[in-house]
file upload-v7.cif (mmCIF, C-alpha atoms)
data_final
loop_
_atom_site.group_PDB
_atom_site.id
_atom_site.type_symbol
_atom_site.label_atom_id
_atom_site.label_comp_id
_atom_site.auth_asym_id
_atom_site.auth_seq_id
_atom_site.Cartn_x
_atom_site.Cartn_y
_atom_site.Cartn_z
ATOM 1 C CA MET A 125 -7.480 -3.946 16.982
ATOM 2 C CA SER A 126 -6.925 -7.634 16.390
ATOM 3 C CA ILE A 127 -3.977 -9.624 17.712
ATOM 4 C CA TYR A 128 -2.290 -9.060 14.331
ATOM 5 C CA GLU A 129 -2.520 -5.275 14.576
ATOM 6 C CA TYR A 130 -0.349 -2.914 16.562
ATOM 7 C CA GLY A 131 -0.084 0.793 17.284
ATOM 8 C CA VAL A 132 2.337 2.842 15.211
ATOM 9 C CA ALA A 133 4.388 5.491 17.024
ATOM 10 C CA GLY A 134 5.322 8.873 15.584
ATOM 11 C CA ILE A 135 2.300 9.455 13.336
ATOM 12 C CA PRO A 136 1.433 13.190 13.077
ATOM 13 C CA VAL A 137 -2.189 13.994 13.998
ATOM 14 C CA GLU A 138 -3.462 17.531 13.448
ATOM 15 C CA ILE A 139 -6.759 19.108 14.450
ATOM 16 C CA ILE A 140 -7.799 21.487 11.652
ATOM 17 C CA THR A 141 -10.290 24.341 11.995
ATOM 18 C CA GLU A 142 -12.907 25.175 9.368
ATOM 19 C CA ASP A 143 -10.648 27.894 7.952
ATOM 20 C CA GLY A 144 -7.836 25.341 7.459
ATOM 21 C CA SER A 145 -5.530 26.416 10.268
ATOM 22 C CA VAL A 146 -4.000 23.937 12.710
ATOM 23 C CA ALA A 147 -5.679 24.148 16.131
ATOM 24 C CA ALA A 148 -3.671 21.358 17.762
ATOM 25 C CA TYR A 149 -0.962 18.831 16.950
ATOM 26 C CA ALA A 150 0.254 15.571 18.479
ATOM 27 C CA LEU A 151 2.322 12.513 17.592
ATOM 28 C CA THR A 152 1.097 9.008 18.306
ATOM 29 C CA ASP A 153 2.817 7.206 21.175
ATOM 30 C CA GLY A 154 4.175 3.642 21.279
ATOM 31 C CA GLU A 155 0.630 2.271 21.432
ATOM 32 C CA GLY A 156 -0.436 4.340 18.428
ATOM 33 C CA LEU A 157 -2.469 6.774 20.517
ATOM 34 C CA ALA A 158 -2.509 10.564 20.223
ATOM 35 C CA ARG A 159 -4.294 12.622 22.863
ATOM 36 C CA ILE A 160 -5.291 16.220 22.297
ATOM 37 C CA ASP A 161 -6.935 18.049 25.194
ATOM 38 C CA ALA A 162 -8.550 21.435 25.792
ATOM 39 C CA LEU A 163 -10.100 22.093 22.397
ATOM 40 C CA ALA A 164 -12.742 24.802 22.360
ATOM 41 C CA PRO A 165 -16.219 23.758 21.207
ATOM 42 C CA GLY A 166 -16.474 23.981 17.429
ATOM 43 C CA THR A 167 -16.235 22.149 14.141
ATOM 44 C CA TYR A 168 -12.946 20.479 13.295
ATOM 45 C CA MET A 169 -11.329 17.977 10.963
ATOM 46 C CA ILE A 170 -8.568 15.509 11.773
ATOM 47 C CA ARG A 171 -5.579 15.326 9.425
ATOM 48 C CA VAL A 172 -3.310 12.293 9.704
ATOM 49 C CA THR A 173 -0.010 11.852 7.870
ATOM 50 C CA ALA A 174 1.052 8.241 7.345
ATOM 51 C CA PRO A 175 4.729 7.395 6.768
ATOM 52 C CA ASP A 176 5.990 7.018 3.192
ATOM 53 C CA GLY A 177 5.035 3.602 1.867
ATOM 54 C CA TRP A 178 1.928 3.387 4.067
ATOM 55 C CA GLY A 179 -1.756 3.974 3.275
ATOM 56 C CA PHE A 180 -5.101 4.061 5.039
ATOM 57 C CA THR A 181 -7.046 0.829 5.546
ATOM 58 C CA LYS A 182 -10.673 0.153 4.709
ATOM 59 C CA LYS A 183 -13.178 2.361 6.519
ATOM 60 C CA GLY A 184 -14.747 0.559 9.470
ATOM 61 C CA LYS A 185 -18.445 -0.100 9.907
ATOM 62 C CA THR A 186 -18.597 1.359 13.427
ATOM 63 C CA SER A 187 -17.425 4.572 15.051
ATOM 64 C CA GLU A 188 -15.506 2.803 17.819
ATOM 65 C CA ILE A 189 -11.881 3.709 18.472
ATOM 66 C CA THR A 190 -10.875 0.253 17.199
ATOM 67 C CA SER A 191 -12.450 0.964 13.787
ATOM 68 C CA ASN A 192 -10.942 3.161 11.058
ATOM 69 C CA PHE A 193 -13.085 6.252 10.424
ATOM 70 C CA MET A 194 -11.004 7.526 7.474
ATOM 71 C CA GLU A 195 -11.469 6.514 3.832
ATOM 72 C CA GLN A 196 -9.274 3.804 2.315
ATOM 73 C CA THR A 197 -6.504 5.286 0.169
ATOM 74 C CA ILE A 198 -2.838 4.880 -0.735
ATOM 75 C CA GLU A 199 -2.305 8.627 -0.219
ATOM 76 C CA THR A 200 -0.124 9.404 2.803
ATOM 77 C CA VAL A 201 -2.117 12.422 4.024
ATOM 78 C CA GLN A 202 -5.832 12.296 4.720
ATOM 79 C CA THR A 203 -8.243 14.764 6.290
ATOM 80 C CA SER A 204 -11.464 13.572 7.896
ATOM 81 C CA LYS A 205 -14.950 14.890 7.372
ATOM 82 C CA LYS A 206 -16.074 17.647 9.723
ATOM 83 C CA ILE A 207 -16.559 16.725 13.383
ATOM 84 C CA LYS A 208 -18.599 18.837 15.797
ATOM 85 C CA LEU A 209 -17.215 19.083 19.333
ATOM 86 C CA ASN A 210 -19.491 20.378 22.095
ATOM 87 C CA ALA A 211 -18.397 21.857 25.441
ATOM 88 C CA LEU A 212 -16.963 19.269 27.891
ATOM 89 C CA GLU A 213 -17.271 16.548 25.251
ATOM 90 C CA THR A 214 -14.674 13.814 24.659
ATOM 91 C CA LYS A 215 -14.437 12.037 21.315
ATOM 92 C CA GLU A 216 -12.232 9.121 20.304
ATOM 93 C CA TYR A 217 -11.540 8.031 16.734
ATOM 94 C CA GLY A 218 -9.569 5.179 15.232
ATOM 95 C CA VAL A 219 -7.363 5.522 12.167
ATOM 96 C CA GLY A 220 -6.111 2.369 10.482
ATOM 97 C CA ILE A 221 -2.935 2.466 8.408
ATOM 98 C CA TRP A 222 -0.997 -0.334 6.814
ATOM 99 C CA GLU A 223 2.300 -0.741 5.101
ATOM 100 C CA LEU A 224 1.844 -0.906 1.349
ATOM 101 C CA LEU A 225 3.561 -3.603 -0.668
ATOM 102 C CA HIS A 226 5.738 -3.737 -3.727
ATOM 103 C CA VAL A 227 6.247 -6.399 -6.345
ATOM 104 C CA SER A 228 9.368 -6.535 -8.482
ATOM 105 C CA GLY A 229 11.372 -8.774 -10.762
ATOM 106 C CA PHE A 230 13.275 -8.903 -14.019
ATOM 107 C CA CYS A 231 12.869 -10.280 -17.532
ATOM 108 C CA TRP A 232 15.619 -11.927 -19.560
ATOM 109 C CA LEU A 233 16.179 -13.695 -22.861
ATOM 110 C CA GLU A 234 16.609 -17.369 -21.943
ATOM 111 C CA THR A 235 19.153 -19.091 -24.207
ATOM 112 C CA ASP A 236 19.536 -22.568 -22.691
ATOM 113 C CA ALA A 237 15.925 -23.296 -21.578
ATOM 114 C CA ASP A 238 16.844 -24.250 -18.009
ATOM 115 C CA GLY A 239 14.722 -21.540 -16.336
ATOM 116 C CA ILE A 240 17.713 -19.939 -14.576
ATOM 117 C CA ARG A 241 19.181 -16.592 -15.632
ATOM 118 C CA LYS A 242 22.918 -16.619 -16.334
ATOM 119 C CA SER A 243 25.178 -13.564 -16.616
ATOM 120 C CA ASP A 244 25.578 -14.083 -20.371
ATOM 121 C CA GLU A 245 21.803 -14.003 -20.993
ATOM 122 C CA SER A 246 20.604 -10.518 -21.957
ATOM 123 C CA MET A 247 17.849 -8.615 -20.192
ATOM 124 C CA LEU A 248 14.556 -7.709 -21.908
ATOM 125 C CA ASP A 249 13.276 -4.134 -22.139
ATOM 126 C CA GLY A 250 9.581 -3.256 -22.546
ATOM 127 C CA VAL A 251 7.901 -6.390 -21.163
ATOM 128 C CA ARG A 252 4.431 -5.486 -19.842
ATOM 129 C CA ILE A 253 3.464 -6.678 -16.335
ATOM 130 C CA VAL A 254 -0.060 -6.212 -14.922
ATOM 131 C CA LEU A 255 -1.421 -6.903 -11.419
ATOM 132 C CA GLU A 256 -5.216 -7.182 -11.169
ATOM 133 C CA GLY A 257 -6.918 -7.175 -7.777
ATOM 134 C CA GLN A 258 -9.196 -10.173 -7.310
ATOM 135 C CA LYS A 259 -11.409 -8.509 -4.680
ATOM 136 C CA ASN A 260 -10.450 -4.825 -4.693
ATOM 137 C CA ASN A 261 -10.682 -4.278 -8.503
ATOM 138 C CA LEU A 262 -7.370 -2.380 -8.531
ATOM 139 C CA THR A 263 -5.016 -2.632 -11.489
ATOM 140 C CA TYR A 264 -1.299 -1.829 -11.461
ATOM 141 C CA GLU A 265 0.790 -1.872 -14.623
ATOM 142 C CA THR A 266 4.444 -1.399 -15.485
ATOM 143 C CA TYR A 267 7.070 -2.316 -18.091
ATOM 144 C CA SER A 268 10.555 -3.722 -17.699
ATOM 145 C CA ASP A 269 13.329 -1.163 -18.182
ATOM 146 C CA ALA A 270 16.497 -1.377 -20.308
ATOM 147 C CA GLU A 271 18.112 -3.580 -17.627
ATOM 148 C CA GLY A 272 15.066 -5.898 -17.623
ATOM 149 C CA ASN A 273 13.980 -4.762 -14.153
ATOM 150 C CA TRP A 274 10.401 -3.930 -13.253
ATOM 151 C CA TYR A 275 8.797 -2.591 -10.090
ATOM 152 C CA ILE A 276 5.234 -1.901 -8.933
ATOM 153 C CA GLY A 277 5.017 0.053 -5.668
ATOM 154 C CA GLN A 278 2.274 1.387 -3.391
ATOM 155 C CA VAL A 279 0.295 -1.862 -3.769
ATOM 156 C CA LYS A 280 -2.551 -2.370 -1.317
ATOM 157 C CA PRO A 281 -2.437 -5.744 0.427
ATOM 158 C CA GLY A 282 -4.794 -8.253 -1.180
ATOM 159 C CA PHE A 283 -5.079 -11.082 -3.694
ATOM 160 C CA TYR A 284 -3.837 -10.307 -7.192
ATOM 161 C CA LYS A 285 -3.556 -12.040 -10.545
ATOM 162 C CA MET A 286 -0.261 -11.249 -12.281
ATOM 163 C CA THR A 287 -0.098 -11.265 -16.070
ATOM 164 C CA VAL A 288 3.164 -10.927 -17.967
ATOM 165 C CA TYR A 289 2.797 -10.211 -21.683
ATOM 166 C CA VAL A 290 5.538 -11.971 -23.618
ATOM 167 C CA PRO A 291 6.916 -9.989 -26.595
ATOM 168 C CA ASP A 292 5.835 -11.191 -30.052
ATOM 169 C CA GLY A 293 7.737 -14.247 -31.248
ATOM 170 C CA MET A 294 8.783 -15.289 -27.729
ATOM 171 C CA MET A 295 7.465 -17.688 -25.114
ATOM 172 C CA PHE A 296 8.062 -18.319 -21.411
ATOM 173 C CA THR A 297 10.939 -20.502 -20.350
ATOM 174 C CA LYS A 298 10.291 -23.434 -18.053
ATOM 175 C CA TYR A 299 9.673 -23.030 -14.320
ATOM 176 C CA SER A 300 12.698 -23.795 -12.162
ATOM 177 C CA ARG A 301 12.678 -24.951 -8.527
ATOM 178 C CA VAL A 302 16.348 -24.096 -8.167
ATOM 179 C CA GLY A 303 18.277 -20.929 -8.950
ATOM 180 C CA GLY A 304 17.083 -18.711 -6.104
ATOM 181 C CA ASP A 305 16.348 -15.149 -7.188
ATOM 182 C CA ASN A 306 17.591 -15.918 -10.726
ATOM 183 C CA ARG A 307 14.973 -18.570 -11.478
ATOM 184 C CA SER A 308 11.856 -18.419 -13.610
ATOM 185 C CA ILE A 309 8.555 -18.522 -11.740
ATOM 186 C CA PHE A 310 6.360 -18.467 -14.865
ATOM 187 C CA THR A 311 5.774 -21.224 -17.371
#
call {"tool": "encode", "arguments": {"input": "upload-v7.cif", "output": "structure tokens"}}
result
Amino acid sequence: MSIYEYGVAGIPVEIITEDGSVAAYALTDGEGLARIDALAPGTYMIRVTAPDGWGFTKKGKTSEITSNFMEQTIETVQTSKKIKLNALETKEYGVGIWELLHVSGFCWLETDADGIRKSDESMLDGVRIVLEGQKNNLTYETYSDAEGNWYIGQVKPGFYKMTVYVPDGMMFTKYSRVGGDNRSIFT
């Protein structure tokens, strides 16, 4: 782990047999560690359940405990590939999870061209918003609802280009440095 990473407590870790039954169960401690002792020799899988709003990080290049051995996904439950455990053998694996992000906002019909939404300016339904990953090639898309609100959840951390498609016959209002959460950030 780097200085920016920390262990997450309370993560369920299950040891699964080849027939799918649970052979052992533990929760991670305050350092993010789960210890399971006294497993019989055999072939197992490890199933980890991340909290809602979390996903699994990129798979590491090594098999060290400080490197994630699971596949990268936004799913909250993941089961490893099969692992063979011999008699008197100890194995340690790292599982990296991260909190997923969300992006949200609202669209309105600007009437005075100052870039700040006022209570008398109506909200816009059906505006298309797209996030495109610059390195991860992921695309997220949504539309504003009847109240003009839009939300994209379960977004993997990364660099994204945001595109907002203005309805036909309309254009963006000016950018505003003032207005707090009611200001325009597009021009």
call {"tool": "resolve_selection", "arguments": {"input": "upload-v7.cif", "expression": "the PyMOL selection byres ((chain A and resi 240) around 6)", "output": "VMD selection string"}}
result
chain A and resid 238 to 239 241 303 306 to 307
call {"tool": "residues_around", "arguments": {"input": "upload-v7.cif", "residues": "Glu195 of chain A", "least_positions_apart": "6", "cutoff": "8 Å", "atoms": "all atoms listed in the file", "output": "ChimeraX atom specification"}}
result
/A:180-183
call {"tool": "atom_distance", "arguments": {"input": "upload-v7.cif", "atom1": "atom CA of Ser228 of chain A", "atom2": "atom CA of Asn273 of chain A"}}
result
7.5 Å
call {"tool": "closest_residue", "arguments": {"input": "upload-v7.cif", "among": "A:Cys231, A:Leu255, A:Ala270, A:Ala164", "to": "Ile309 of chain A", "atoms": "all atoms listed in the file"}}
result
A:Cys231
call {"tool": "residues_around", "arguments": {"input": "upload-v7.cif", "residues": "segment 149-155 of chain A", "least_positions_apart": "2", "cutoff": "9 Å", "atoms": "all atoms listed in the file", "output": "PDB file with C-alpha atoms, in the coordinates of the input"}}
result
ATOM      1  CA  TYR A 130      -0.349  -2.914  16.562  1.00  0.00           C
ATOM      2  CA  GLY A 131      -0.084   0.793  17.284  1.00  0.00           C
ATOM      3  CA  VAL A 132       2.337   2.842  15.211  1.00  0.00           C
ATOM      4  CA  ALA A 133       4.388   5.491  17.024  1.00  0.00           C
ATOM      5  CA  GLY A 134       5.322   8.873  15.584  1.00  0.00           C
ATOM      6  CA  ILE A 135       2.300   9.455  13.336  1.00  0.00           C
ATOM      7  CA  PRO A 136       1.433  13.190  13.077  1.00  0.00           C
ATOM      8  CA  VAL A 137      -2.189  13.994  13.998  1.00  0.00           C
ATOM      9  CA  GLU A 138      -3.462  17.531  13.448  1.00  0.00           C
ATOM     10  CA  ILE A 139      -6.759  19.108  14.450  1.00  0.00           C
ATOM     11  CA  VAL A 146      -4.000  23.937  12.710  1.00  0.00           C
ATOM     12  CA  ALA A 147      -5.679  24.148  16.131  1.00  0.00           C
ATOM     13  CA  LEU A 157      -2.469   6.774  20.517  1.00  0.00           C
ATOM     14  CA  ALA A 158      -2.509  10.564  20.223  1.00  0.00           C
ATOM     15  CA  ARG A 159      -4.294  12.622  22.863  1.00  0.00           C
ATOM     16  CA  ILE A 160      -5.291  16.220  22.297  1.00  0.00           C
TER      17      ILE A 160
END
call {"tool": "resolve_selection", "arguments": {"input": "upload-v7.cif", "expression": "the PyMOL selection byres ((chain A and resi 205) around 8)", "output": "ChimeraX atom specification"}}
result
/A:169-170,203-204,206-207
call {"tool": "write_last_selection", "arguments": {"input": "upload-v7.cif", "atoms": "C-alpha atoms", "output": "mmCIF file, in the frame of the given file"}}
result
data_model
loop_
_atom_site.group_PDB
_atom_site.id
_atom_site.type_symbol
_atom_site.label_atom_id
_atom_site.label_comp_id
_atom_site.auth_asym_id
_atom_site.auth_seq_id
_atom_site.Cartn_x
_atom_site.Cartn_y
_atom_site.Cartn_z
ATOM 1 C CA MET A 169 -11.329 17.977 10.963
ATOM 2 C CA ILE A 170 -8.568 15.509 11.773
ATOM 3 C CA THR A 203 -8.243 14.764 6.290
ATOM 4 C CA SER A 204 -11.464 13.572 7.896
ATOM 5 C CA LYS A 206 -16.074 17.647 9.723
ATOM 6 C CA ILE A 207 -16.559 16.725 13.383
#
call {"tool": "resolve_selection", "arguments": {"input": "upload-v7.cif", "expression": "the PyMOL selection byres ((chain A and resi 296) around 10)", "output": "VMD selection string"}}
result
chain A and resid 233 to 234 237 239 288 to 291 294 to 295 297 to 299 308 to 311
call {"tool": "atom_distance", "arguments": {"input": "upload-v7.cif", "atom1": "atom CA of Asp269 of chain A", "atom2": "atom CA of Gly250 of chain A"}}
result
6.1 Å
call {"tool": "closest_residue", "arguments": {"input": "upload-v7.cif", "among": "A:Glu129, A:Glu265, A:Asp305, A:Glu271", "to": "Met247 of chain A", "atoms": "only C-alpha atoms"}}
result
A:Glu271
call {"tool": "residues_around", "arguments": {"input": "upload-v7.cif", "residues": "Leu224 of chain A", "least_positions_apart": "5", "cutoff": "9 Å", "atoms": "all atoms listed in the file", "output": "ChimeraX atom specification"}}
result
/A:177-179,198,277-281
call {"tool": "atom_distance", "arguments": {"input": "upload-v7.cif", "atom1": "atom CA of Pro165 of chain A", "atom2": "atom CA of Ala148 of chain A"}}
result
13.2 Å
call {"tool": "closest_residue", "arguments": {"input": "upload-v7.cif", "among": "A:Leu209, A:Tyr275, A:Leu262, A:Thr197", "to": "His226 of chain A", "atoms": "all atoms listed in the file"}}
result
A:Tyr275
call {"tool": "decode", "arguments": {"input": "upload-v7.cif", "residues": "segment 242-255 of chain A", "atoms": "all heavy atoms", "output": "mmCIF file, in the first residue's frame"}}
result
data_model
loop_
_atom_site.group_PDB
_atom_site.id
_atom_site.type_symbol
_atom_site.label_atom_id
_atom_site.label_comp_id
_atom_site.auth_asym_id
_atom_site.auth_seq_id
_atom_site.Cartn_x
_atom_site.Cartn_y
_atom_site.Cartn_z
ATOM 1 N N LYS A 242 -31.725 31.191 -11.595
ATOM 2 C CA LYS A 242 -32.661 31.841 -10.673
ATOM 3 C C LYS A 242 -33.897 30.956 -10.527
ATOM 4 O O LYS A 242 -34.184 30.126 -11.375
ATOM 5 C CB LYS A 242 -33.107 33.205 -11.208
ATOM 6 C CG LYS A 242 -32.034 34.083 -11.783
ATOM 7 C CD LYS A 242 -31.167 34.702 -10.722
ATOM 8 C CE LYS A 242 -30.178 35.681 -11.329
ATOM 9 N NZ LYS A 242 -29.520 35.296 -12.561
ATOM 10 N N SER A 243 -34.648 31.160 -9.464
ATOM 11 C CA SER A 243 -35.825 30.332 -9.181
ATOM 12 C C SER A 243 -36.906 30.462 -10.254
ATOM 13 O O SER A 243 -37.710 29.547 -10.429
ATOM 14 C CB SER A 243 -36.401 30.667 -7.810
ATOM 15 O OG SER A 243 -36.797 32.021 -7.771
ATOM 16 N N ASP A 244 -36.926 31.556 -10.984
ATOM 17 C CA ASP A 244 -37.948 31.719 -12.028
ATOM 18 C C ASP A 244 -37.511 31.157 -13.384
ATOM 19 O O ASP A 244 -38.264 31.214 -14.351
ATOM 20 C CB ASP A 244 -38.353 33.189 -12.167
ATOM 21 C CG ASP A 244 -37.207 34.090 -12.609
ATOM 22 O OD1 ASP A 244 -36.030 33.708 -12.420
ATOM 23 O OD2 ASP A 244 -37.482 35.185 -13.139
ATOM 24 N N GLU A 245 -36.307 30.598 -13.463
ATOM 25 C CA GLU A 245 -35.834 30.002 -14.716
ATOM 26 C C GLU A 245 -36.152 28.506 -14.684
ATOM 27 O O GLU A 245 -35.814 27.807 -13.723
ATOM 28 C CB GLU A 245 -34.336 30.241 -14.896
ATOM 29 C CG GLU A 245 -34.032 31.723 -15.097
ATOM 30 C CD GLU A 245 -32.552 32.044 -15.144
ATOM 31 O OE1 GLU A 245 -31.766 31.442 -14.382
ATOM 32 O OE2 GLU A 245 -32.176 32.911 -15.956
ATOM 33 N N SER A 246 -36.820 28.019 -15.724
ATOM 34 C CA SER A 246 -37.299 26.635 -15.730
ATOM 35 C C SER A 246 -36.173 25.635 -16.009
ATOM 36 O O SER A 246 -35.175 25.955 -16.635
ATOM 37 C CB SER A 246 -38.421 26.478 -16.756
ATOM 38 O OG SER A 246 -37.973 26.833 -18.043
ATOM 39 N N MET A 247 -36.385 24.434 -15.508
ATOM 40 C CA MET A 247 -35.417 23.351 -15.670
ATOM 41 C C MET A 247 -35.637 22.666 -17.018
ATOM 42 O O MET A 247 -36.737 22.685 -17.559
ATOM 43 C CB MET A 247 -35.569 22.348 -14.531
ATOM 44 C CG MET A 247 -35.425 22.986 -13.140
ATOM 45 S SD MET A 247 -33.960 24.001 -12.940
ATOM 46 C CE MET A 247 -32.763 22.768 -12.529
ATOM 47 N N LEU A 248 -34.577 22.035 -17.549
ATOM 48 C CA LEU A 248 -34.645 21.370 -18.845
ATOM 49 C C LEU A 248 -34.621 19.853 -18.694
ATOM 50 O O LEU A 248 -33.728 19.300 -18.052
ATOM 51 C CB LEU A 248 -33.473 21.791 -19.731
ATOM 52 C CG LEU A 248 -33.524 23.199 -20.299
ATOM 53 C CD1 LEU A 248 -32.248 23.512 -21.075
ATOM 54 C CD2 LEU A 248 -34.736 23.354 -21.217
ATOM 55 N N ASP A 249 -35.574 19.196 -19.299
ATOM 56 C CA ASP A 249 -35.690 17.741 -19.307
ATOM 57 C C ASP A 249 -35.031 17.194 -20.574
ATOM 58 O O ASP A 249 -35.076 17.822 -21.627
ATOM 59 C CB ASP A 249 -37.178 17.375 -19.298
ATOM 60 C CG ASP A 249 -37.442 15.887 -19.244
ATOM 61 O OD1 ASP A 249 -36.527 15.124 -18.890
ATOM 62 O OD2 ASP A 249 -38.576 15.483 -19.569
ATOM 63 N N GLY A 250 -34.385 16.033 -20.484
ATOM 64 C CA GLY A 250 -33.901 15.333 -21.671
ATOM 65 C C GLY A 250 -32.570 15.787 -22.241
ATOM 66 O O GLY A 250 -32.227 15.427 -23.362
ATOM 67 N N VAL A 251 -31.782 16.550 -21.483
ATOM 68 C CA VAL A 251 -30.462 16.961 -21.952
ATOM 69 C C VAL A 251 -29.507 15.779 -21.771
ATOM 70 O O VAL A 251 -29.433 15.186 -20.697
ATOM 71 C CB VAL A 251 -29.950 18.206 -21.194
ATOM 72 C CG1 VAL A 251 -28.542 18.569 -21.644
ATOM 73 C CG2 VAL A 251 -30.910 19.375 -21.398
ATOM 74 N N ARG A 252 -28.774 15.442 -22.828
ATOM 75 C CA ARG A 252 -27.863 14.291 -22.796
ATOM 76 C C ARG A 252 -26.492 14.705 -22.265
ATOM 77 O O ARG A 252 -25.915 15.685 -22.730
ATOM 78 C CB ARG A 252 -27.724 13.720 -24.206
ATOM 79 C CG ARG A 252 -26.841 12.518 -24.306
ATOM 80 C CD ARG A 252 -26.858 11.969 -25.726
ATOM 81 N NE ARG A 252 -25.832 10.965 -25.878
ATOM 82 C CZ ARG A 252 -25.068 10.839 -26.931
ATOM 83 N NH1 ARG A 252 -25.208 11.656 -27.967
ATOM 84 N NH2 ARG A 252 -24.154 9.900 -26.995
ATOM 85 N N ILE A 253 -25.982 13.919 -21.298
ATOM 86 C CA ILE A 253 -24.660 14.159 -20.703
ATOM 87 C C ILE A 253 -23.861 12.869 -20.847
ATOM 88 O O ILE A 253 -24.337 11.786 -20.503
ATOM 89 C CB ILE A 253 -24.767 14.552 -19.206
ATOM 90 C CG1 ILE A 253 -25.495 15.893 -19.047
ATOM 91 C CG2 ILE A 253 -23.390 14.657 -18.584
ATOM 92 C CD1 ILE A 253 -26.934 15.781 -18.798
ATOM 93 N N VAL A 254 -22.612 12.985 -21.340
ATOM 94 C CA VAL A 254 -21.757 11.822 -21.562
ATOM 95 C C VAL A 254 -20.396 12.070 -20.922
ATOM 96 O O VAL A 254 -19.805 13.137 -21.094
ATOM 97 C CB VAL A 254 -21.573 11.540 -23.075
ATOM 98 C CG1 VAL A 254 -20.627 10.373 -23.296
ATOM 99 C CG2 VAL A 254 -22.913 11.290 -23.740
ATOM 100 N N LEU A 255 -19.911 11.072 -20.164
ATOM 101 C CA LEU A 255 -18.542 11.075 -19.637
ATOM 102 C C LEU A 255 -17.757 10.024 -20.414
ATOM 103 O O LEU A 255 -18.187 8.874 -20.513
ATOM 104 C CB LEU A 255 -18.510 10.674 -18.164
ATOM 105 C CG LEU A 255 -18.959 11.651 -17.116
ATOM 106 C CD1 LEU A 255 -18.817 11.014 -15.731
ATOM 107 C CD2 LEU A 255 -18.158 12.910 -17.172
#
